[in-house]
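Written out below as C-alpha cells is the structure these notes cover.
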Amino acid sequence: MTVPIPMIGVLPAKRTGPSHWWHGFIAMLRWEITNMRLLLPLTVVVQVLFGAGFVLGIGLFFEDIPSRAALFLSTGATTITLIMVGLVMGPQLVAQQKLEGTYDYMWSLPVPRSAATTAWITLNMIFAIPGMVVALLVASWRYGVDLEISFAIVPAVLLTLLTATLLGYALAHAVTKPEVTLLLTQVLIFGIVGFSPINYPQDNLPGWLAELHEYLPFLPMATVVRGGLTQGLVSNVVQSYVVLSAWGLIALGLVAGSLGRRR
Amino acid sequence: MSGPGAVQTGSSWVFRVEAVTKSYDGETNATDGLTMEVAPGEVYGLLGPNGAGKSTLVKQVIGLLKPDSGRITLGSFDLVEDPDAARQLCSYLPQAQMPIDSFKAREAIDIAGMIRGGPAAEVKRRREEMIEALEIGEWRDVLGARLSGGVKRLVGFAMVTVWPGRVIILDEPTNDVDPLRRRRLWEQIRRMGSEGAAVLLVTHNVMEAEKSVDRLAIINEGKLIAEGTPSSLKADDRGRLRLQLMLHPGNSTPELAPLVRDHVRVGNNLVTVIDEDAAGAGIVWAQDLLARGVIEEYALGATTLEDVYVRLTGHKSESER
Ligand SMILES: Nc1ncnc2c1ncn2[C@@H]1O[C@H](COP(=O)(O)OP(=O)(O)OP(=O)(O)O)[C@@H](O)[C@H]1O
Ligand SMILES: [Mg+2]
C-alpha cells in the first residue's frame, strides 16, 4: 500500500542551515555525476587529446626548440588545458542545457543554489585534472624539459581552475541567451590561444597588448602555474596571485549575482 | 472523487495567487491580474489556448520568473519574496522534457526523491509503487536517452511526485502519453490530492480535465475568463444540446437556423448550441444541410465542458482534434 507522506497538517518549516546545504550539495553532486556519465569518458578523452595535441602541435613549428622555450611551451600548454575546461567547456555544457530547455527543472529543485553551483564547479575542476596531467607528461617526454615541481603547484592549479570555472559559470548564467554564450566561448578560445602570452613570453606581443595582459587573468594563471612547475622561470608570482585572486573575487561576485536572479 | 475544495481536515494552509501580472516585453502581459486559490486536497486545472500564459503563471509560482506585480502565497509563506521556500514547498514538472538522458528511469526517480529530501528507503518504496501504478516497469533500467517521449513524461511525473511538495505543479503531464497510461496517470494525480497536496495542473485536454479535476480556470490572453467546478461551468448550458456539423472542406458557414443559440466555427467544424426542446427541429435542419451537400456529417449530444471552453476561448482543445 501507499506509503503516506506526512502532507496533511501545517506546512513544514523552511529548511536552512549547514546540514541542508550539505545534503543539497551531495545530492546535486550525485545528480551531476550521473548526468555526465555518458559524456564523461568522451570528455576526458577529448581533454587528454587536446592537451597532448596542443603540446605536440606547437612543437612542430620548431626544428630544434631552445630549452627555455620548451619550458615555456610545456607549462603554457598545461595552463591552457585548465582554462579550456573552466572557461569554455563548462559554459558550453550549460548553454546546451538551456537550449534543450532542461534548465527549468534543475532550477526548480529545493536545493540552495549555492550548493548546486558548488557541486557543478567541484566536478568541473576535477574533470580538468586528467587533461592537465597528460599535457604535462607529454610535454616532458617530447621536449625533455626539466620540471622542478614544488608544492606551490597545488594552490596554483586550484586558483587557476577555480577562477576559470567561476568566470565560465558567470558567462553561462549571467548571459541570458545561450547562443551568445556559445559565441563568446569561441571568441575566448581564439583570444586565449592566439593572443595571450601563455605559450610565449609577454614581450612578443605589441606593447599595449602586453600591458593589457597585466590586468587580464590569463597571464597570471600561466605565471602561477609556472611558479609551481619550475624554478626561476618567472619572477612576478606574488603579483600574479594578487591579480588572479582579484579576478576570482570578481567572478564569484558575478556568479553570486546571477544565482538569485529571476527574469 | 473528492468534491470541490476538498480541504483535508487538519490542514491549515491554502495556496493563493493574487493579481499576478507579468510581462516579458513590457508591452503585453503574459499573465494579467490572475487570481486563484487552491486548497490542500484539491486538483485545480489550468486550461487555455497556446500562449494563454499558463506556463508563465506556474513559472512564477516556482520562482523561475518574478511577477511584475501581485502576490503568491502558501500559508504564511510569501513565495515571491522567498523563492527558496517556493522550491521546497512546491514540486514542478516543466512543460519541456526532463534532462534525464544519462539516467536510468529508476535512478532518475531515486535521485530526484533524494534531492527533494526524501529518506532513501521510503523513496525506493514509493518509486516502485509509482512504476507499477504507471505501468512503466519494463523501462525501469532503461536510460532516459532511449525512452519514448511518453514514458519519459511518466518518469518525469514520478520524479516530481515521488517525494512531493505541498503544491504539485504539473505543466501538461499527459503530453505524449498513451490513452491507457493517461488513465493511470490521472489516477495518480488524484491520489496526490487525496494524500493532501494541492495540485495545480496545466492541460489542453478538456475532456480529461472535466472528469478529473475538482475545479478549473480557463485562461485566455493572460486573463482568467472562467473559474469553477466542471459542472458549475456548464451551468449556463443546462437545458441545451450541442449540434455539431462537419462542413465539407472549404465550405463557408451556412446560414444558421433561428433555433441556434450560439455557435463557434473552428476549421471545418461548426459547433452550435440549441435548446433541448428544439432537438427535433435541429435534426431536420441538419438533415437538410446534409442532403444539400453542405455538411459531411452531424452529431447531436449533451453539452460538455469542451463546448464551454470553445465558446469562451474560440479555440478547440486537444481532446477533439
Ligand atoms: N521566454 C519568453 N520570452 C518572451 N515571451 C515569452 C516567453 N515565454 C512565453 N512568452 C510569451 O508569453 C505568452 C504566454 O506564454 P506561455 O508559455 O505562458 O503560454 P502557455 O499558456 O503555457 O501556452 P502553451 O499551451 O502553448 O504551452 C505567449 O505570448 C508567449 O509568446
Ligand atoms: Mg505552456
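Each chain of the C-alpha cells is named A, B, ... in the order shown, its residues numbered from 1; ligands are numbered from 1 in display order.
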
message: Residues of chain B within 7 Å of chain A, counting only C-alpha atoms - could you list those as a ChimeraX atom specification?
response: /B:8,10-13,62,64-66,84-85,87-88,92,94,96-99,102-103,111,114-116,126,166,195-197

Name the residues in contact with Val255 of chain A at a cut-off of 7 Å, using only C-alpha atoms, excluding same-chain residues fewer than 6 positions from it; report them as a short mmCIF file (atom, residue, chain, number, x, y, z; two decimals) with all heavy atoms, in the first residue's frame.
```cif
data_model
loop_
_atom_site.label_atom_id
_atom_site.label_comp_id
_atom_site.auth_asym_id
_atom_site.auth_seq_id
_atom_site.Cartn_x
_atom_site.Cartn_y
_atom_site.Cartn_z
N LEU A 166 34.73 29.70 -12.38
CA LEU A 166 33.76 30.72 -11.94
C LEU A 166 33.46 31.69 -13.07
O LEU A 166 32.30 32.05 -13.29
CB LEU A 166 34.31 31.49 -10.73
CG LEU A 166 34.24 30.78 -9.37
CD1 LEU A 166 35.02 31.57 -8.33
CD2 LEU A 166 32.79 30.62 -8.93
N TYR A 169 31.24 29.97 -15.42
CA TYR A 169 29.89 29.85 -14.86
C TYR A 169 29.13 31.16 -14.99
O TYR A 169 27.96 31.19 -15.36
CB TYR A 169 30.00 29.43 -13.40
CG TYR A 169 28.71 28.90 -12.81
CD1 TYR A 169 28.39 27.55 -12.91
CD2 TYR A 169 27.82 29.74 -12.16
CE1 TYR A 169 27.23 27.05 -12.37
CE2 TYR A 169 26.65 29.25 -11.63
CZ TYR A 169 26.36 27.91 -11.72
OH TYR A 169 25.19 27.43 -11.20
N ALA A 170 29.85 32.26 -14.68
CA ALA A 170 29.23 33.57 -14.82
C ALA A 170 28.85 33.82 -16.28
O ALA A 170 27.76 34.32 -16.58
CB ALA A 170 30.18 34.66 -14.32
#
```

- prompt: So which residues touch Ser74 of chain A within 12 Å, counting only C-alpha atoms, skipping near sequence neighbours fewer than 6 positions away, as a PyMOL selection string?
  reply: chain A and resi 51-59+65+67-68+80-81+132-147+198-200+222+225-226+229-230

task: Would you mind listing the residues within 12 Å of ligand 1, counting only C-alpha atoms and all ligand atoms, as number ranges by chain?
output: A: 98-99, 101, 104, 176-177, 262-263; B: 21-32, 46-60, 64-65, 94-96, 170-173, 175, 201-205, 218-224, 315, 317-318

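The two atoms in question, atom CA of Leu259 of chain A and atom CA of Ala116 of chain A, are spaced 10.1 Å apart.
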
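DSSP secondary structure from the backbone places Thr35, Met36, Glu37, Val38, Val43, Tyr44, Gly45, Leu46, Leu47, Ser69, Gly70, Arg71, Ile72, Thr73, Leu74, Phe77, Asp78, Cys90, Ser91, Tyr92 and Leu93 of chain B of segment 35-95 of chain B in strand (DSSP E).
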
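Near Val142 of chain B, within 9 Å and counting only C-alpha atoms, sit Phe103, Lys104, Ala105, Arg106, Glu138, Trp139, Arg140, Gly144, Ala145, Arg146 and Leu147 of chain B, not including residues fewer than 2 positions from it in the same chain.
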
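Straight-line separation from atom CA of Phe195 of chain A to atom CA of Phe218 of chain A: 10.2 Å.
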
task: Looking only at alpha helix (DSSP H) from DSSP on the backbone, list the matching residues of segment 88-185 of chain B as a ChimeraX atom specification.
output: /B:88-89,105-115,120-133,149-161,179-185

Long-range neighbours of Leu29 of chain A as a CSV table (one decimal) with C-alpha atoms, in the first residue's frame, 8 Å cut-off, only C-alpha atoms, 6 positions minimum in chain:
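Wrote out.csv, looks like this:
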```csv
chain,number,residue,atom,x,y,z
A,116,ALA,CA,24.1,23.3,-6.7
A,119,ALA,CA,28.6,20.9,-6.9
A,120,TRP,CA,28.9,21.8,-10.5
A,123,LEU,CA,33.1,18.4,-10.7
```

statement: In Å and to one decimal, atom CA of Ala172 of chain A is distant from atom CA of Ser91 of chain B by 25.1 Å

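Counting only C-alpha atoms, the residue from B:Ile169, B:Ile72, B:Leu289, B:Val199 that sits nearest to Pro40 of chain B is B:Val199.
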
message: Residues within 12 Å of Ala120 of chain B, please, as a PyMOL selection string. Count only C-alpha atoms; anything in the same chain fewer than 2 positions from it doesn't count.
response: (chain A and resi 27) or (chain B and resi 107+109-118+122-127+162-163)

Would you mind exporting the chosen residues as a compact mmCIF listing (two decimals), in the first residue's frame, restricted to C-alpha atoms?
```
# COMPACT_ATOMS: atom_id res chain seq x y z
CA ALA A 27 22.53 15.28 -3.84
CA GLU B 107 17.84 6.24 -10.86
CA ILE B 109 13.29 8.91 -9.73
CA ASP B 110 15.52 7.97 -6.79
CA ILE B 111 17.91 10.90 -7.14
CA ALA B 112 15.03 13.31 -7.65
CA GLY B 113 13.42 11.99 -4.46
CA MET B 114 16.70 12.30 -2.61
CA ILE B 115 17.17 15.88 -3.82
CA ARG B 116 13.66 16.64 -2.61
CA GLY B 117 14.68 15.44 0.84
CA GLY B 118 13.03 12.01 0.96
CA GLU B 122 10.90 5.50 1.59
CA VAL B 123 11.76 6.97 -1.79
CA LYS B 124 12.56 3.49 -3.12
CA ARG B 125 9.27 2.10 -1.85
CA ARG B 126 7.30 4.89 -3.41
CA ARG B 127 9.31 4.67 -6.63
CA VAL B 162 7.94 10.51 -5.51
CA TRP B 163 8.62 12.87 -2.62
```
